[in-house]
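For reference, entry.cif is printed below; it contains mmCIF, C-alpha atoms and all ligand atoms.
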data_upload
loop_
_atom_site.label_atom_id
_atom_site.label_comp_id
_atom_site.auth_asym_id
_atom_site.auth_seq_id
_atom_site.Cartn_x
_atom_site.Cartn_y
_atom_site.Cartn_z
CA TYR A 385 -193.86 -78.00 50.61
CA ASP A 386 -193.94 -75.22 53.15
CA ILE A 387 -190.44 -73.73 53.04
CA ARG A 388 -189.43 -70.82 55.25
CA ILE A 389 -186.71 -68.43 54.10
CA VAL A 390 -185.32 -66.85 57.25
CA ASN A 391 -183.04 -63.82 57.24
CA GLY A 392 -181.21 -62.51 60.26
CA PRO A 393 -179.79 -59.10 61.15
CA ASN A 394 -178.95 -56.51 58.50
CA LEU A 395 -180.54 -58.56 55.76
CA GLY A 396 -183.64 -56.39 55.55
CA HIS A 397 -182.02 -54.09 53.00
CA LEU A 398 -180.70 -56.61 50.55
CA GLY A 399 -179.73 -54.91 47.31
CA VAL A 400 -178.96 -51.69 49.17
CA ARG A 401 -176.55 -52.91 51.83
CA GLN A 402 -172.97 -53.06 50.53
CA PRO A 403 -173.96 -54.37 47.08
CA GLU A 404 -170.28 -54.98 46.26
CA ILE A 405 -170.36 -57.74 48.91
CA TYR A 406 -173.98 -58.82 49.05
CA GLY A 407 -175.20 -58.10 45.51
CA SER A 408 -177.71 -55.65 44.11
CA GLN A 409 -180.74 -57.96 44.03
CA GLY A 410 -183.42 -57.79 46.69
CA MET A 411 -185.35 -60.75 48.08
CA GLN A 412 -188.17 -60.04 45.61
CA ALA A 413 -185.93 -61.55 42.91
CA LEU A 414 -185.89 -64.93 44.67
CA PRO A 415 -189.08 -66.53 43.27
CA GLU A 416 -187.82 -66.11 39.71
CA LEU A 417 -184.44 -67.63 40.56
CA VAL A 418 -186.15 -70.57 42.22
CA ALA A 419 -188.48 -71.00 39.25
CA LYS A 420 -185.50 -71.05 36.87
CA LEU A 421 -183.56 -73.54 38.96
CA LEU A 422 -186.39 -75.91 39.83
CA GLY A 423 -188.41 -75.68 36.64
CA PRO A 424 -191.76 -77.46 37.08
CA HIS A 425 -190.80 -78.54 40.62
CA SER A 426 -191.09 -74.93 41.76
CA ALA A 427 -194.85 -75.52 41.78
CA ASP A 428 -194.28 -77.89 44.75
CA VAL A 429 -192.82 -75.08 46.86
CA ARG A 430 -194.56 -72.44 48.90
CA MET A 431 -191.92 -70.00 50.16
CA THR A 432 -192.46 -67.58 53.00
CA VAL A 433 -189.79 -64.99 53.75
CA PHE A 434 -189.16 -63.73 57.28
CA GLN A 435 -186.51 -61.25 58.41
CA SER A 436 -185.60 -59.96 61.83
CA ASN A 437 -182.70 -58.10 63.33
CA GLY A 438 -183.38 -59.73 66.67
CA GLU A 439 -182.05 -63.05 67.89
CA GLY A 440 -185.14 -63.74 70.01
CA ALA A 441 -187.53 -62.94 67.18
CA LEU A 442 -185.69 -65.37 64.90
CA ILE A 443 -185.96 -68.11 67.51
CA ASP A 444 -189.64 -67.35 68.08
CA TYR A 445 -190.21 -67.60 64.34
CA LEU A 446 -188.40 -70.94 64.04
CA GLU A 447 -190.39 -72.36 66.96
CA LYS A 448 -193.60 -71.19 65.30
CA ALA A 449 -192.52 -72.72 61.97
CA ARG A 450 -192.16 -76.06 63.77
CA GLU A 451 -195.59 -75.73 65.34
CA GLU A 452 -197.11 -74.88 61.99
CA GLY A 453 -195.62 -77.99 60.44
CA ALA A 454 -193.21 -76.28 58.03
CA HIS A 455 -191.16 -78.72 55.99
CA GLY A 456 -187.82 -76.95 56.10
CA ILE A 457 -185.78 -73.80 56.57
CA VAL A 458 -183.32 -71.89 54.41
CA LEU A 459 -181.48 -69.75 56.93
CA ASN A 460 -179.16 -66.81 56.47
CA ALA A 461 -178.52 -65.91 60.09
CA GLY A 462 -176.18 -63.05 59.15
CA ALA A 463 -173.71 -62.27 61.90
CA TYR A 464 -175.64 -64.50 64.32
CA THR A 465 -174.21 -67.39 62.32
CA HIS A 466 -170.90 -66.67 63.97
CA THR A 467 -172.09 -65.71 67.43
CA SER A 468 -175.39 -67.22 68.42
CA LEU A 469 -175.44 -70.29 70.61
CA ALA A 470 -179.10 -69.54 71.21
CA LEU A 471 -179.97 -69.93 67.53
CA ALA A 472 -177.85 -73.08 67.34
CA ASP A 473 -179.69 -74.49 70.38
CA CYS A 474 -183.00 -73.78 68.68
CA LEU A 475 -182.03 -75.60 65.48
CA ALA A 476 -180.75 -78.50 67.59
CA TRP A 477 -184.21 -79.34 68.90
CA ILE A 478 -186.89 -78.12 66.51
CA GLY A 479 -186.23 -81.01 64.15
CA LEU A 480 -186.73 -79.07 60.92
CA PRO A 481 -184.22 -79.65 58.13
CA CYS A 482 -182.25 -76.46 57.59
CA VAL A 483 -179.82 -75.25 54.94
CA GLU A 484 -177.39 -72.53 56.03
CA VAL A 485 -176.91 -69.97 53.29
CA HIS A 486 -174.74 -66.90 52.77
CA LEU A 487 -174.67 -64.36 49.99
CA SER A 488 -170.93 -63.88 50.25
CA ASN A 489 -168.37 -66.65 50.39
CA VAL A 490 -167.62 -66.41 54.09
CA LEU A 491 -164.60 -68.70 53.76
CA ALA A 492 -163.01 -66.31 51.28
CA ARG A 493 -163.22 -63.39 53.69
CA ILE A 494 -159.90 -64.29 55.23
CA ASP A 495 -159.31 -60.80 56.60
CA GLU A 496 -162.29 -61.48 58.90
CA PRO A 497 -161.52 -64.85 60.50
CA LEU A 498 -164.54 -64.64 62.83
CA ARG A 499 -166.75 -65.17 59.78
CA GLN A 500 -165.23 -68.60 59.21
CA LYS A 501 -166.90 -69.99 62.31
CA SER A 502 -170.52 -71.09 62.21
CA HIS A 503 -172.37 -72.10 65.37
CA ILE A 504 -175.44 -73.12 63.41
CA GLY A 505 -173.71 -75.20 60.74
CA LYS A 506 -173.59 -78.41 62.71
CA HIS A 507 -177.36 -78.40 63.02
CA CYS A 508 -177.86 -77.86 59.30
CA ILE A 509 -177.94 -80.34 56.42
CA GLY A 510 -175.28 -78.29 54.67
CA VAL A 511 -174.02 -74.86 53.78
CA ILE A 512 -174.21 -72.83 50.55
CA SER A 513 -172.11 -69.70 50.49
CA GLY A 514 -170.92 -67.26 47.87
CA PHE A 515 -173.56 -67.24 45.14
CA GLY A 516 -175.45 -64.10 46.07
CA LEU A 517 -179.21 -64.53 46.02
CA THR A 518 -178.71 -67.75 44.06
CA SER A 519 -177.39 -69.27 47.33
CA TYR A 520 -180.98 -69.17 48.57
CA ALA A 521 -182.38 -70.76 45.40
CA LEU A 522 -179.75 -73.50 45.65
CA GLY A 523 -180.69 -73.84 49.31
CA VAL A 524 -184.33 -74.41 48.40
CA GLN A 525 -183.28 -76.99 45.81
CA ALA A 526 -181.02 -78.80 48.29
CA LEU A 527 -183.79 -78.78 50.88
CA LEU A 528 -186.26 -80.33 48.43
CA LEU A 529 -183.81 -83.07 47.46
CA HIS A 530 -183.28 -83.79 51.15
CA ILE A 531 -186.98 -83.78 52.03
CA GLU A 532 -187.86 -86.05 49.14
CA LYS A 533 -185.23 -88.66 49.96
CA THR A 534 -186.11 -88.78 53.69
C1 LIG B 1 -173.68 -63.10 55.54
C2 LIG B 1 -172.24 -63.21 56.02
C3 LIG B 1 -172.13 -62.82 57.47
O1 LIG B 1 -170.79 -62.94 57.91
C4 LIG B 1 -172.60 -61.39 57.66
O2 LIG B 1 -172.56 -61.04 59.02
C5 LIG B 1 -173.92 -61.12 57.07
C6 LIG B 1 -174.26 -61.72 55.79
C7 LIG B 1 -173.82 -63.39 54.03
O3 LIG B 1 -174.94 -63.63 53.60
O4 LIG B 1 -172.84 -63.35 53.29
O5 LIG B 1 -174.72 -60.35 57.61
O6 LIG B 1 -174.47 -64.08 56.23
#

Reformat the file's structure so that it appears as structure tokens.
Amino acid sequence: YDIRIVNGPNLGHLGVRQPEIYGSQGMQALPELVAKLLGPHSADVRMTVFQSNGEGALIDYLEKAREEGAHGIVLNAGAYTHTSLALADCLAWIGLPCVEVHLSNVLARIDEPLRQKSHIGKHCIGVISGFGLTSYALGVQALLLHIEKT
């Protein structure tokens, strides 16, 4: 399966950016986490990671993923999760199954109520939030389960 891992703004310095919130692991640690979680099934997955700080570039990438016949998306849209109707509109039509992921548990960040709203969530299969980089690995696993039952 062709799975795209898509990271939005400020996620290009994972491991360096506020590690007390977002963890000290970089994206390069993801393949090993996925391998551990999926065991032999990880051989069925080809992951490509994309990151952009720009809303338009993220939408362009998702449109391209559709054209290229990708099987699904694991998306951490960063702050665009909470603000971007444009990204939500894109997910609404491209027809690719998507899992929304977050490193931090956004629902636990009660001092920042804006983070409790997701525009993209209603166009996703589900949401995984709060497990650091493991959120992405769980996202890949959830995506595979979804793809294989549909
Ligand atoms: C985040 C949570 C968002 O609220 C924040 O804007 C991010 C990262 C997370 O992974 O925990 O940039 O999506």

Select all residues near (-176.0, -68.7, 69.9) (cut-off 12 Å, inclusive, file coordinates), counting all atoms listed in the file, and output them as a ChimeraX atom specification. /A:439-440,442-443,461,463-476,501-505,507

Pick out the residues no farther than 10 Å from ligand LIG 1 (chain B), counting all atoms listed in the file, and list them as a ChimeraX atom specification. /A:391-396,398,401,405-407,459-467,484-491,493,496-502,512-517,519-520

How would the residues just picked look written out with C-alpha atoms as a PDB file, in the frame of the given file?
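Listed below is the output, part.pdb:
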ATOM      1  CA  ASN A 391    -183.040 -63.820  57.240  1.00  0.00           C
ATOM      2  CA  GLY A 392    -181.210 -62.510  60.260  1.00  0.00           C
ATOM      3  CA  PRO A 393    -179.790 -59.100  61.150  1.00  0.00           C
ATOM      4  CA  ASN A 394    -178.950 -56.510  58.500  1.00  0.00           C
ATOM      5  CA  LEU A 395    -180.540 -58.560  55.760  1.00  0.00           C
ATOM      6  CA  GLY A 396    -183.640 -56.390  55.550  1.00  0.00           C
ATOM      7  CA  LEU A 398    -180.700 -56.610  50.550  1.00  0.00           C
ATOM      8  CA  ARG A 401    -176.550 -52.910  51.830  1.00  0.00           C
ATOM      9  CA  ILE A 405    -170.360 -57.740  48.910  1.00  0.00           C
ATOM     10  CA  TYR A 406    -173.980 -58.820  49.050  1.00  0.00           C
ATOM     11  CA  GLY A 407    -175.200 -58.100  45.510  1.00  0.00           C
ATOM     12  CA  LEU A 459    -181.480 -69.750  56.930  1.00  0.00           C
ATOM     13  CA  ASN A 460    -179.160 -66.810  56.470  1.00  0.00           C
ATOM     14  CA  ALA A 461    -178.520 -65.910  60.090  1.00  0.00           C
ATOM     15  CA  GLY A 462    -176.180 -63.050  59.150  1.00  0.00           C
ATOM     16  CA  ALA A 463    -173.710 -62.270  61.900  1.00  0.00           C
ATOM     17  CA  TYR A 464    -175.640 -64.500  64.320  1.00  0.00           C
ATOM     18  CA  THR A 465    -174.210 -67.390  62.320  1.00  0.00           C
ATOM     19  CA  HIS A 466    -170.900 -66.670  63.970  1.00  0.00           C
ATOM     20  CA  THR A 467    -172.090 -65.710  67.430  1.00  0.00           C
ATOM     21  CA  GLU A 484    -177.390 -72.530  56.030  1.00  0.00           C
ATOM     22  CA  VAL A 485    -176.910 -69.970  53.290  1.00  0.00           C
ATOM     23  CA  HIS A 486    -174.740 -66.900  52.770  1.00  0.00           C
ATOM     24  CA  LEU A 487    -174.670 -64.360  49.990  1.00  0.00           C
ATOM     25  CA  SER A 488    -170.930 -63.880  50.250  1.00  0.00           C
ATOM     26  CA  ASN A 489    -168.370 -66.650  50.390  1.00  0.00           C
ATOM     27  CA  VAL A 490    -167.620 -66.410  54.090  1.00  0.00           C
ATOM     28  CA  LEU A 491    -164.600 -68.700  53.760  1.00  0.00           C
ATOM     29  CA  ARG A 493    -163.220 -63.390  53.690  1.00  0.00           C
ATOM     30  CA  GLU A 496    -162.290 -61.480  58.900  1.00  0.00           C
ATOM     31  CA  PRO A 497    -161.520 -64.850  60.500  1.00  0.00           C
ATOM     32  CA  LEU A 498    -164.540 -64.640  62.830  1.00  0.00           C
ATOM     33  CA  ARG A 499    -166.750 -65.170  59.780  1.00  0.00           C
ATOM     34  CA  GLN A 500    -165.230 -68.600  59.210  1.00  0.00           C
ATOM     35  CA  LYS A 501    -166.900 -69.990  62.310  1.00  0.00           C
ATOM     36  CA  SER A 502    -170.520 -71.090  62.210  1.00  0.00           C
ATOM     37  CA  ILE A 512    -174.210 -72.830  50.550  1.00  0.00           C
ATOM     38  CA  SER A 513    -172.110 -69.700  50.490  1.00  0.00           C
ATOM     39  CA  GLY A 514    -170.920 -67.260  47.870  1.00  0.00           C
ATOM     40  CA  PHE A 515    -173.560 -67.240  45.140  1.00  0.00           C
ATOM     41  CA  GLY A 516    -175.450 -64.100  46.070  1.00  0.00           C
ATOM     42  CA  LEU A 517    -179.210 -64.530  46.020  1.00  0.00           C
ATOM     43  CA  SER A 519    -177.390 -69.270  47.330  1.00  0.00           C
ATOM     44  CA  TYR A 520    -180.980 -69.170  48.570  1.00  0.00           C
TER      45      TYR A 520
END

Using only C-alpha atoms, find the one residue out of A:Leu422, A:His397, A:Gln409, A:Val458 that sits nearest to A:Asn437.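 Using only C-alpha atoms, the shortest distance to A:Asn437 belongs to A:His397.
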
Could you name the residues that touch A:Ile509 at 8 Å or less, counting only C-alpha atoms, but leaving out those on the same chain fewer than 5 positions away, as a PyMOL selection string? chain A and resi 481-484

Kindly give the distance, in Å, that separates atom CA of A:His530 and atom CA of A:Tyr385, rounded to a single decimal.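 Atom-to-atom, atom CA of A:His530 to atom CA of A:Tyr385, that is 12.1 Å.
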
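Considering all atoms listed in the file, the residue among A:Leu446, A:Cys508, A:Leu522, A:Ala454 positioned nearest to A:Leu414 is A:Leu522.
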
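Here atom CA of A:Glu452 stands at a distance of 21.5 Å from atom CA of A:Ala526.
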
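Closest approach to A:Asp444 among A:Ala492, A:Ala413, A:Val390, A:Leu421 is made by A:Val390 (distances from all atoms listed in the file).
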
For a quick check of understanding, using all atoms listed in the file, which of A:Pro424, A:Val400, A:Ala449, A:Pro415 has the smallest distance to A:Val524?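 So, comparing all the options, the nearest one is A:Pro415.
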
Given all atoms listed in the file as the basis, pick out the residue of A:Gln435, A:Glu404, A:His425, A:Trp477 nearest to A:Leu529.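 Among the listed residues, A:His425 lies closest to A:Leu529.
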
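You will find atom CA of A:Asp386 at 5.3 Å from atom CA of A:His455.
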
Would you pick out the contacts of A:Leu480 at 7 Å or less, using only C-alpha atoms, so that residues sharing its chain but fewer than 3 positions from it are not included, and give the list as a PDB file with C-alpha atoms, in the coordinates of the input?
ATOM      1  CA  ARG A 450    -192.160 -76.060  63.770  1.00  0.00           C
ATOM      2  CA  HIS A 455    -191.160 -78.720  55.990  1.00  0.00           C
ATOM      3  CA  GLY A 456    -187.820 -76.950  56.100  1.00  0.00           C
ATOM      4  CA  ILE A 457    -185.780 -73.800  56.570  1.00  0.00           C
TER       5      ILE A 457
END
